[in-house]
>>> print(open('run-v7.txt').read())   # compact mmCIF, C-alpha atoms
# COMPACT_ATOMS: atom_id res chain seq x y z
CA MET A 407 1.84 19.49 14.69
CA ASP A 408 -1.41 19.00 16.50
CA MET A 409 -2.93 15.79 15.14
CA SER A 410 -6.39 17.28 15.60
CA ASP A 411 -5.55 19.86 12.91
CA ASP A 412 -4.91 17.05 10.45
CA ALA A 413 -7.99 15.14 11.51
CA ALA A 414 -10.18 18.23 11.19
CA ASP A 415 -8.82 18.99 7.73
CA VAL A 416 -9.34 15.40 6.64
CA GLN A 417 -12.94 15.52 7.82
CA ARG A 418 -13.54 18.76 5.94
CA VAL A 419 -12.15 17.25 2.75
CA LEU A 420 -14.29 14.15 3.14
CA ALA A 421 -17.29 16.41 3.66
CA GLY A 422 -16.65 17.90 0.23
CA ASP A 423 -14.40 20.89 1.01
CA VAL A 424 -11.60 20.29 -1.50
CA ASP A 425 -9.84 23.51 -0.49
CA ALA A 426 -9.25 22.08 2.97
CA TYR A 427 -6.80 19.72 1.32
CA ALA A 428 -4.58 22.71 0.50
CA ALA A 429 -3.93 23.12 4.23
CA LEU A 430 -2.64 19.55 4.40
CA VAL A 431 -0.49 20.10 1.31
CA ASP A 432 0.95 23.29 2.77
CA ARG A 433 1.63 21.62 6.11
CA TYR A 434 3.58 18.68 4.71
CA TYR A 435 4.90 19.75 1.32
CA ASP A 436 8.30 21.05 2.41
CA ARG A 437 9.13 18.07 4.56
CA CYS A 438 8.00 15.64 1.87
CA ALA A 439 9.93 17.62 -0.75
CA ARG A 440 13.12 17.36 1.25
CA PHE A 441 12.82 13.59 1.53
CA ALA A 442 11.88 13.17 -2.14
CA ILE A 443 14.75 15.34 -3.39
CA ARG A 444 17.29 13.66 -1.11
CA MET A 445 15.98 10.24 -2.05
CA LEU A 446 15.64 10.70 -5.80
CA GLY A 447 18.47 13.14 -6.38
CA ASN A 448 16.74 15.54 -8.73
CA ARG A 449 13.85 17.94 -8.58
CA ASP A 450 11.90 16.71 -11.60
CA ASP A 451 11.59 13.18 -10.24
CA ALA A 452 10.92 14.55 -6.77
CA GLU A 453 8.13 16.75 -8.03
CA ASP A 454 6.58 13.79 -9.85
CA ALA A 455 6.72 11.81 -6.62
CA LEU A 456 5.20 14.65 -4.62
CA GLN A 457 2.37 15.21 -7.06
CA ALA A 458 1.59 11.49 -7.20
CA THR A 459 1.78 11.24 -3.41
CA PHE A 460 -0.59 14.07 -2.62
CA LEU A 461 -2.98 13.03 -5.37
CA ARG A 462 -3.05 9.39 -4.28
CA ALA A 463 -3.50 10.43 -0.67
CA TYR A 464 -6.42 12.64 -1.66
CA LYS A 465 -8.13 9.91 -3.64
CA ALA A 466 -7.66 7.43 -0.82
CA LEU A 467 -8.45 9.80 2.01
CA ASN A 468 -11.47 7.77 3.05
CA ARG A 469 -9.06 4.91 3.76
CA TYR A 470 -7.04 6.97 6.19
CA GLN A 471 -7.85 5.89 9.71
CA GLU A 472 -7.54 8.48 12.40
CA ARG A 473 -5.82 6.19 14.83
CA ASP A 474 -2.78 6.58 12.57
CA ARG A 475 -0.91 9.84 12.31
CA PHE A 476 -1.74 11.51 9.02
CA SER A 477 1.92 12.40 8.52
CA ALA A 478 2.96 8.76 8.91
CA TRP A 479 0.26 7.64 6.49
CA LEU A 480 1.30 10.29 3.96
CA TYR A 481 4.95 9.37 4.37
CA ARG A 482 4.18 5.74 3.69
CA ILE A 483 2.68 6.75 0.37
CA LEU A 484 5.64 9.04 -0.38
CA VAL A 485 8.20 6.33 0.34
CA ASN A 486 6.36 3.96 -2.00
CA GLN A 487 6.13 6.60 -4.71
CA CYS A 488 9.85 7.33 -4.43
CA ARG A 489 10.60 3.62 -4.66
CA SER A 490 8.44 3.31 -7.78
CA ILE A 491 10.02 6.28 -9.51
CA ALA A 492 13.51 5.15 -8.55
CA ALA A 493 12.79 1.72 -10.00
CA ARG A 494 11.42 3.19 -13.23
CA ARG A 495 14.43 5.37 -13.81
CA ALA A 496 16.98 2.79 -12.69
CA HIS A 497 18.27 2.47 -16.21
CA ARG A 498 18.74 6.18 -16.64
CA GLU A 499 22.03 7.87 -16.15
CA ARG A 500 22.58 9.73 -12.94
CA VAL A 501 21.86 13.39 -13.20
CA PHE A 502 24.81 14.67 -11.24
CA VAL A 503 27.41 16.18 -13.49
CA ARG A 504 29.54 18.42 -11.32
CA GLU A 505 32.63 17.39 -9.43
CA GLU A 506 32.80 17.83 -5.71
CA ALA A 507 35.01 20.81 -5.15
CA LEU A 508 34.26 20.70 -1.43
CA LEU A 509 35.01 17.10 -0.81
CA LEU A 510 38.50 17.23 0.62
CA ASN A 511 37.67 19.63 3.41
CA ALA A 512 34.16 18.46 4.06
CA PRO A 513 34.28 17.46 7.76
CA ASP A 514 36.17 20.54 8.88
CA ARG A 515 34.58 23.36 7.00
CA THR A 516 31.48 25.28 7.92
CA PRO A 517 29.44 25.13 4.78
CA ASN A 518 28.10 28.29 3.28
CA TRP A 519 25.00 26.80 1.71
CA THR A 520 24.98 27.30 -2.04
CA GLY A 521 23.92 25.23 -4.99
CA GLU A 522 27.30 23.54 -4.98
CA GLU A 523 26.91 22.22 -1.46
CA GLU A 524 23.46 20.94 -2.24
CA GLU A 525 24.78 19.15 -5.28
CA PHE A 526 27.58 17.75 -3.19
CA VAL A 527 25.22 16.29 -0.62
CA GLN A 528 22.99 14.91 -3.32
CA ARG A 529 25.92 13.30 -5.00
CA VAL A 530 27.13 11.67 -1.81
CA LEU A 531 23.66 10.35 -1.04
CA SER A 532 23.19 9.10 -4.59
CA GLU A 533 26.17 6.82 -4.17
CA LEU A 534 24.37 4.87 -1.49
CA ASP A 535 22.29 1.90 -2.46
CA PRO A 536 18.64 3.08 -2.56
CA LEU A 537 17.57 0.92 0.38
CA LEU A 538 20.49 2.16 2.48
CA ARG A 539 19.80 5.74 1.41
CA GLU A 540 16.13 5.41 2.32
CA ALA A 541 16.95 4.06 5.78
CA PHE A 542 19.64 6.71 6.36
CA LEU A 543 17.29 9.54 5.36
CA LEU A 544 14.44 8.30 7.51
CA LYS A 545 16.74 7.92 10.50
CA TYR A 546 19.00 10.94 10.36
CA ILE A 547 17.20 13.43 8.15
CA GLU A 548 13.58 12.77 9.09
CA GLU A 549 14.74 11.68 12.55
CA LEU A 550 12.22 8.90 12.93
CA SER A 551 12.51 6.13 15.49
CA TYR A 552 13.19 2.63 14.21
CA GLU A 553 9.67 1.65 15.20
CA GLU A 554 8.25 4.49 13.12
CA MET A 555 10.50 3.52 10.23
CA SER A 556 9.36 -0.06 10.47
CA ALA A 557 5.70 0.91 10.39
CA LEU A 558 6.36 3.14 7.44
CA THR A 559 8.45 0.80 5.31
CA GLY A 560 7.17 -2.61 6.34
CA VAL A 561 10.75 -3.63 7.10
CA GLY A 562 11.76 -5.08 10.47
CA VAL A 563 13.59 -2.98 13.03
CA SER A 564 16.73 -5.13 13.03
CA ALA A 565 16.97 -4.99 9.23
CA LEU A 566 16.55 -1.23 9.32
CA LYS A 567 19.27 -0.87 11.94
CA MET A 568 21.54 -2.91 9.71
CA ARG A 569 20.75 -0.71 6.71
CA VAL A 570 21.46 2.47 8.64
CA LYS A 571 24.71 1.03 9.94
CA ARG A 572 25.76 0.02 6.44
CA ALA A 573 24.90 3.45 5.10
CA CYS A 574 27.06 5.04 7.78
CA ASP A 575 29.84 2.56 7.04
CA ARG A 576 29.70 3.42 3.33
CA LEU A 577 29.92 7.11 4.08
CA ARG A 578 32.80 6.58 6.48
CA ASP A 579 34.62 4.46 3.87
CA ARG A 580 34.08 7.22 1.38
CA TRP A 581 35.71 9.69 3.70
CA GLU A 582 38.68 7.37 4.28
CA ARG A 583 39.16 7.03 0.52
CA ILE A 584 39.05 10.80 0.08
CA LYS A 585 41.47 11.35 2.93
CA ASN A 586 43.95 8.82 1.62
CA ASP A 587 43.88 9.88 -2.04
CA MET B 186 23.66 4.21 16.97
CA THR B 187 23.09 7.71 18.24
CA ASP B 188 24.02 11.02 16.71
CA SER B 189 26.85 11.39 19.19
CA GLU B 190 28.43 8.24 17.80
CA LEU B 191 28.29 9.38 14.22
CA HIS B 192 31.53 9.80 12.35
CA PRO B 193 32.12 13.53 11.76
CA TYR B 194 31.84 13.08 8.01
CA VAL B 195 28.55 11.17 8.36
CA GLU B 196 27.28 13.81 10.72
CA LEU B 197 28.18 16.51 8.24
CA ILE B 198 26.28 14.78 5.47
CA ALA B 199 23.25 14.27 7.73
CA ARG B 200 23.33 17.87 8.92
CA GLU B 201 23.56 19.27 5.42
CA ALA B 202 20.87 16.94 4.14
CA ARG B 203 18.53 18.13 6.91
CA ARG B 204 18.55 21.64 5.52
CA PRO B 205 15.29 22.72 3.92
CA VAL B 206 15.19 22.44 0.16
CA VAL B 207 14.16 25.13 -2.23
CA THR B 208 10.95 24.14 -3.96
CA ASP B 209 9.08 25.38 -6.97
CA PRO B 210 6.62 27.96 -5.64
CA VAL B 211 3.88 26.90 -8.05
CA ALA B 212 4.28 23.16 -7.42
CA ARG B 213 1.62 23.24 -4.71
CA ASP B 214 -0.76 24.99 -7.08
CA ARG B 215 -0.19 22.24 -9.62
CA ILE B 216 -0.98 19.64 -6.99
CA MET B 217 -4.19 21.37 -5.97
CA ALA B 218 -5.19 21.74 -9.62
CA ALA B 219 -4.75 17.99 -10.05
CA VAL B 220 -6.70 17.38 -6.84
CA ARG B 221 -9.59 19.55 -7.98
CA ALA B 222 -9.66 17.72 -11.30
CA ALA B 223 -9.75 14.33 -9.57
CA SER B 224 -12.82 12.54 -8.34
CA ALA B 225 -13.60 12.96 -4.68
CA PRO B 226 -12.04 10.56 -2.13
CA GLY B 227 -13.65 7.18 -2.35
CA HIS B 228 -16.05 8.40 -5.03
CA ARG B 229 -18.50 9.35 -2.31
CA PHE B 230 -19.95 12.06 -4.44
CA LEU B 231 -19.53 10.23 -7.72
CA PHE B 232 -22.24 7.84 -6.65
CA TRP B 233 -24.81 10.59 -6.33
CA ARG B 234 -23.74 12.12 -9.61
CA ARG B 235 -24.09 8.74 -11.29
CA ALA B 236 -27.36 8.04 -9.56
CA ILE B 237 -29.10 10.96 -11.23
CA GLU B 238 -27.48 10.55 -14.63
CA PRO B 239 -29.54 8.72 -17.24
CA ARG B 240 -27.76 5.60 -18.39
CA SER B 241 -28.57 2.32 -19.97
CA PHE B 242 -27.64 -1.23 -19.10
CA ARG B 243 -28.74 -4.72 -19.85
CA LEU B 244 -29.38 -7.75 -17.72
CA SER B 245 -28.48 -11.18 -18.99
CA PRO B 246 -30.82 -14.14 -18.73
CA ALA B 247 -28.53 -15.60 -16.09
CA LEU B 248 -28.87 -12.55 -13.88
CA GLY B 249 -32.58 -12.49 -14.53
CA GLY B 250 -32.75 -15.96 -13.10
CA LEU B 251 -30.79 -14.93 -10.06
CA LEU B 252 -32.99 -11.92 -9.56
CA ALA B 253 -36.02 -14.11 -9.71
CA ALA B 254 -34.48 -16.28 -7.02
CA GLY B 255 -33.97 -13.20 -4.86
CA LEU B 256 -30.22 -13.70 -4.60
CA VAL B 257 -29.15 -10.34 -5.90
CA GLY B 258 -30.91 -7.07 -5.39
CA ILE B 259 -29.73 -5.31 -8.51
CA GLY B 260 -33.31 -4.32 -9.18
CA VAL B 261 -32.89 -1.53 -6.68
CA ILE B 262 -30.48 0.22 -8.98
CA ALA B 263 -32.86 -0.36 -11.90
CA GLY B 264 -35.56 1.48 -10.07
CA GLY B 265 -37.35 -0.70 -7.59
CA LEU B 266 -37.49 -4.13 -9.13
CA SER B 267 -37.24 -5.56 -5.66
CA THR B 268 -37.80 -9.28 -5.51
CA ASN B 269 -36.19 -10.07 -2.20
CA ARG B 270 -37.69 -12.74 -0.06
CA ASP B 271 -35.86 -12.63 3.21
CA GLY B 272 -33.96 -10.29 5.46
CA ARG B 273 -30.56 -11.41 4.37
CA ALA B 274 -31.24 -10.68 0.77
CA MET B 275 -32.62 -7.30 1.74
CA ALA B 276 -29.37 -6.51 3.48
CA GLY B 277 -27.46 -7.43 0.35
CA GLN B 278 -29.81 -5.40 -1.74
CA SER B 279 -29.39 -2.23 0.26
CA SER B 280 -25.62 -2.73 0.20
CA VAL B 281 -25.58 -2.87 -3.54
CA ALA B 282 -27.62 0.27 -3.84
CA ALA B 283 -25.68 2.20 -1.25
CA ALA B 284 -22.35 1.18 -2.66
CA GLY B 285 -23.09 2.58 -6.10
CA LEU B 286 -21.82 -0.63 -7.59
CA PRO B 287 -21.58 -0.90 -11.34
CA VAL B 288 -24.44 -2.61 -13.08
CA SER B 289 -23.21 -5.97 -14.25
CA ASP B 290 -24.45 -9.25 -15.49
CA THR B 291 -21.97 -11.09 -13.29
CA VAL B 292 -22.51 -11.82 -9.63
CA VAL B 293 -19.83 -12.84 -7.18
CA LYS B 294 -20.22 -14.30 -3.73
CA PHE B 295 -17.62 -13.35 -1.12
CA VAL B 296 -17.17 -15.61 1.90
CA PHE B 297 -15.01 -15.01 4.96
CA LEU B 298 -14.61 -17.13 8.07
CA ALA B 299 -14.56 -15.07 11.27
CA PRO B 300 -16.41 -16.82 14.11
CA GLN B 301 -15.42 -14.24 16.72
CA ALA B 302 -16.12 -11.12 14.68
CA ALA B 303 -18.90 -8.70 15.55
CA THR B 304 -18.94 -7.00 12.14
CA VAL B 305 -17.43 -7.86 8.78
CA SER B 306 -17.70 -5.79 5.63
CA LEU B 307 -16.27 -5.91 2.14
CA VAL B 308 -14.20 -3.07 0.68
CA GLY B 309 -12.76 -2.85 -2.78
CA ASP B 310 -12.20 -0.79 -5.87
CA PHE B 311 -15.83 -1.46 -6.73
CA ASN B 312 -17.23 0.44 -3.74
CA GLY B 313 -14.70 3.19 -3.17
CA TRP B 314 -13.02 1.26 -0.33
CA ASP B 315 -15.77 2.39 1.99
CA ALA B 316 -16.23 -0.03 4.88
CA SER B 317 -19.75 1.19 5.53
CA LYS B 318 -21.14 0.31 2.13
CA VAL B 319 -21.12 -3.47 1.85
CA PRO B 320 -21.69 -5.15 5.21
CA MET B 321 -21.45 -8.92 5.16
CA VAL B 322 -24.02 -11.17 6.75
CA ARG B 323 -23.20 -13.84 9.29
CA THR B 324 -24.47 -17.31 8.51
CA PRO B 325 -26.03 -18.69 11.69
CA ASN B 326 -23.96 -21.24 13.63
CA SER B 327 -21.09 -21.33 11.15
CA GLY B 328 -18.89 -18.28 11.66
CA LEU B 329 -19.11 -17.64 7.93
CA TRP B 330 -19.80 -14.14 6.65
CA THR B 331 -21.08 -13.75 3.09
CA VAL B 332 -22.23 -11.13 0.65
CA THR B 333 -23.16 -11.42 -3.00
CA LEU B 334 -22.47 -8.57 -5.40
CA PRO B 335 -22.77 -7.78 -9.07
CA LEU B 336 -19.34 -6.94 -10.46
CA THR B 337 -18.10 -5.91 -13.84
CA ALA B 338 -15.87 -8.36 -15.66
CA GLY B 339 -12.20 -7.74 -15.01
CA ARG B 340 -9.70 -7.58 -12.18
CA HIS B 341 -10.93 -6.32 -8.83
CA LEU B 342 -8.97 -5.57 -5.65
CA TYR B 343 -10.60 -6.04 -2.27
CA GLN B 344 -10.17 -6.71 1.43
CA PHE B 345 -12.38 -7.61 4.35
CA VAL B 346 -12.83 -5.26 7.28
CA VAL B 347 -13.17 -7.34 10.41
CA ASP B 348 -14.15 -5.31 13.47
CA GLY B 349 -12.44 -2.32 11.90
CA THR B 350 -9.25 -4.12 10.85
CA TRP B 351 -8.47 -4.51 7.16
CA ILE B 352 -7.57 -8.09 6.26
CA PRO B 353 -6.80 -9.58 2.84
CA ASP B 354 -8.71 -12.68 1.78
CA PRO B 355 -6.55 -15.64 2.86
CA SER B 356 -8.07 -17.78 0.12
CA ALA B 357 -7.33 -15.40 -2.76
CA PRO B 358 -4.22 -14.21 -4.60
CA ILE B 359 -2.55 -11.10 -3.24
CA ALA B 360 -1.81 -8.12 -5.46
CA GLY B 361 1.01 -6.85 -3.29
CA ASP B 362 1.44 -3.46 -1.68
CA ASP B 363 -0.92 -0.95 -3.25
CA GLY B 364 1.18 2.05 -2.29
CA PHE B 365 -0.77 2.68 0.89
CA GLY B 366 0.76 -0.13 2.92
CA HIS B 367 -2.01 -2.59 2.13
CA ALA B 368 -1.75 -5.94 0.40
CA ASN B 369 -5.02 -6.36 -1.45
CA SER B 370 -6.66 -9.56 -2.58
CA VAL B 371 -7.48 -10.07 -6.23
CA LYS B 372 -10.71 -11.32 -7.75
CA LEU B 373 -10.78 -11.99 -11.48
CA VAL B 374 -14.34 -11.84 -12.74
CA GLN B 375 -15.19 -13.34 -16.09
CA LYS B 376 -18.21 -12.19 -17.98
CA GLY B 377 -21.18 -14.35 -17.23
CA SER B 378 -19.70 -16.18 -14.26
CA ALA B 379 -21.92 -16.47 -11.26
CA LEU B 380 -21.15 -17.05 -7.59
>>> encode(input="run-v7.txt", output="structure tokens")
Amino acid sequence: MDMSDDAADVQRVLAGDVDAYAALVDRYYDRCARFAIRMLGNRDDAEDALQATFLRAYKALNRYQERDRFSAWLYRILVNQCRSIAARRAHRERVFVREEALLLNAPDRTPNWTGEEEEFVQRVLSELDPLLREAFLLKYIEELSYEEMSALTGVGVSALKMRVKRACDRLRDRWERIKND
Amino acid sequence: MTDSELHPYVELIAREARRPVVTDPVARDRIMAAVRAASAPGHRFLFWRRAIEPRSFRLSPALGGLLAAGLVGIGVIAGGLSTNRDGRAMAGQSSVAAAGLPVSDTVVKFVFLAPQAATVSLVGDFNGWDASKVPMVRTPNSGLWTVTLPLTAGRHLYQFVVDGTWIPDPSAPIAGDDGFGHANSVKLVQKGSAL
């Protein structure tokens, strides 16, 4: 994405053209939705996070400074919104109800993407501690550098590396358990 | 760790999680509806709307005294009751008017030490976080920057903008991350307090 597109849209919004904000929403909605759904594990919470993120970003648009990438700024808001929603619902029961029919053959099969596979991935991710899940998603799903992750989360690079490593270790342990059962 | 070092199972999970998700097609419309119903960013346009709306307010005797002393230019908002005596007060007065600050009977003085700074301004929830609205004035030979504002009673969040960099007030409590990656300072204003 050309950063000047974002900057131009931001300027149009600040000049009073509310519809210009729709271009920013369209540009980043899908990517933000993927992170929110993977992070929160269900679409209702993810949609709440997305709505709050885009609304908060709009209201604070005059605080966005062009030397930052708009996407990074928006992502920082999204990560915080996801953290807030995850904390609020911490007492609630997990929403995943189906068993993982695909689990035993997971590394060898070529998935034919259906609702079951999506639920399977969500279930696996949901078993990670939220901080490990967040770091894993930012690294391997959003494919950010550790420096970008640090700027976005406020967490140091070494701590983030440790979280990603632990997330990978947890997933590997999970696979070993499945294999040995 | 690089992708090539990932355990096959971890790589599978990452690959599957990278797939696009199916989203509600009307979710973006709901977001834009909420955006259109919200006030404009930083209330830039709210100020003008408020400026032309008839409204009433009262000034306490305490503020009247301050006005008489030329410390606060709230008279500008009231319609030209300018009593300023020097250039510094005039700067404060224009800031108050431009910022669209709420009419209040409580004035608060903000002070920040920045001897090397070329410009310092005050941003907060009371001026739409707009760094151009409340410039602070350097006190000669001290490195202190000050501005005096009328604020409504209650809890206000603010920061200083020093040569373009947002900095919390080191002498005030911190409210924590506001969701935008900023740690704001907190000012509790009690009704009737001054400076």
>>> interface_residues(input="run-v7.txt", of="chain A", to="chain B", cutoff="7 Å", atoms="all atoms listed in the file", output="mmCIF file with C-alpha atoms, in the frame of the given file")
data_model
loop_
_atom_site.group_PDB
_atom_site.id
_atom_site.type_symbol
_atom_site.label_atom_id
_atom_site.label_comp_id
_atom_site.auth_asym_id
_atom_site.auth_seq_id
_atom_site.Cartn_x
_atom_site.Cartn_y
_atom_site.Cartn_z
ATOM 1 C CA LEU A 420 -14.290 14.150 3.140
ATOM 2 C CA VAL A 424 -11.600 20.290 -1.500
ATOM 3 C CA ALA A 428 -4.580 22.710 0.500
ATOM 4 C CA ARG A 440 13.120 17.360 1.250
ATOM 5 C CA GLN A 457 2.370 15.210 -7.060
ATOM 6 C CA LEU A 461 -2.980 13.030 -5.370
ATOM 7 C CA TYR A 464 -6.420 12.640 -1.660
ATOM 8 C CA LYS A 465 -8.130 9.910 -3.640
ATOM 9 C CA ALA A 466 -7.660 7.430 -0.820
ATOM 10 C CA LEU A 467 -8.450 9.800 2.010
ATOM 11 C CA ASN A 468 -11.470 7.770 3.050
ATOM 12 C CA ARG A 469 -9.060 4.910 3.760
ATOM 13 C CA ARG A 482 4.180 5.740 3.690
ATOM 14 C CA ILE A 483 2.680 6.750 0.370
ATOM 15 C CA ASN A 486 6.360 3.960 -2.000
ATOM 16 C CA PRO A 513 34.280 17.460 7.760
ATOM 17 C CA VAL A 527 25.220 16.290 -0.620
ATOM 18 C CA TYR A 546 19.000 10.940 10.360
ATOM 19 C CA ILE A 547 17.200 13.430 8.150
ATOM 20 C CA CYS A 574 27.060 5.040 7.780
ATOM 21 C CA LEU A 577 29.920 7.110 4.080
ATOM 22 C CA ARG A 578 32.800 6.580 6.480
ATOM 23 C CA TRP A 581 35.710 9.690 3.700
#
>>> atom_distance(input="run-v7.txt", atom1="CA of His341 in chain B", atom2="CA of Asp310 in chain B")
6.4 Å
>>> atom_distance(input="run-v7.txt", atom1="CA of Gln375 in chain B", atom2="CA of Gly328 in chain B")
28.4 Å
>>> atom_distance(input="run-v7.txt", atom1="CA of Tyr434 in chain A", atom2="CA of Cys488 in chain A")
15.9 Å
>>> residues_around(input="run-v7.txt", residues="range 551-553 of chain A", least_positions_apart="4", cutoff="8 Å", atoms="all atoms listed in the file", output="list of chain:residue names")
A:Lys545, A:Ala557, A:Val563, A:Leu566, A:Lys567
>>> write_last_selection(input="run-v7.txt", atoms="C-alpha atoms", output="PDB file, in the coordinates of the input")
ATOM      1  CA  LYS A 545      16.740   7.920  10.500  1.00  0.00           C
ATOM      2  CA  ALA A 557       5.700   0.910  10.390  1.00  0.00           C
ATOM      3  CA  VAL A 563      13.590  -2.980  13.030  1.00  0.00           C
ATOM      4  CA  LEU A 566      16.550  -1.230   9.320  1.00  0.00           C
ATOM      5  CA  LYS A 567      19.270  -0.870  11.940  1.00  0.00           C
TER       6      LYS A 567
END
>>> closest_residue(input="run-v7.txt", among="B:Val296, B:Val371, B:Ile352, B:Ala303", to="Val332 in chain B", atoms="only C-alpha atoms")
B:Val296
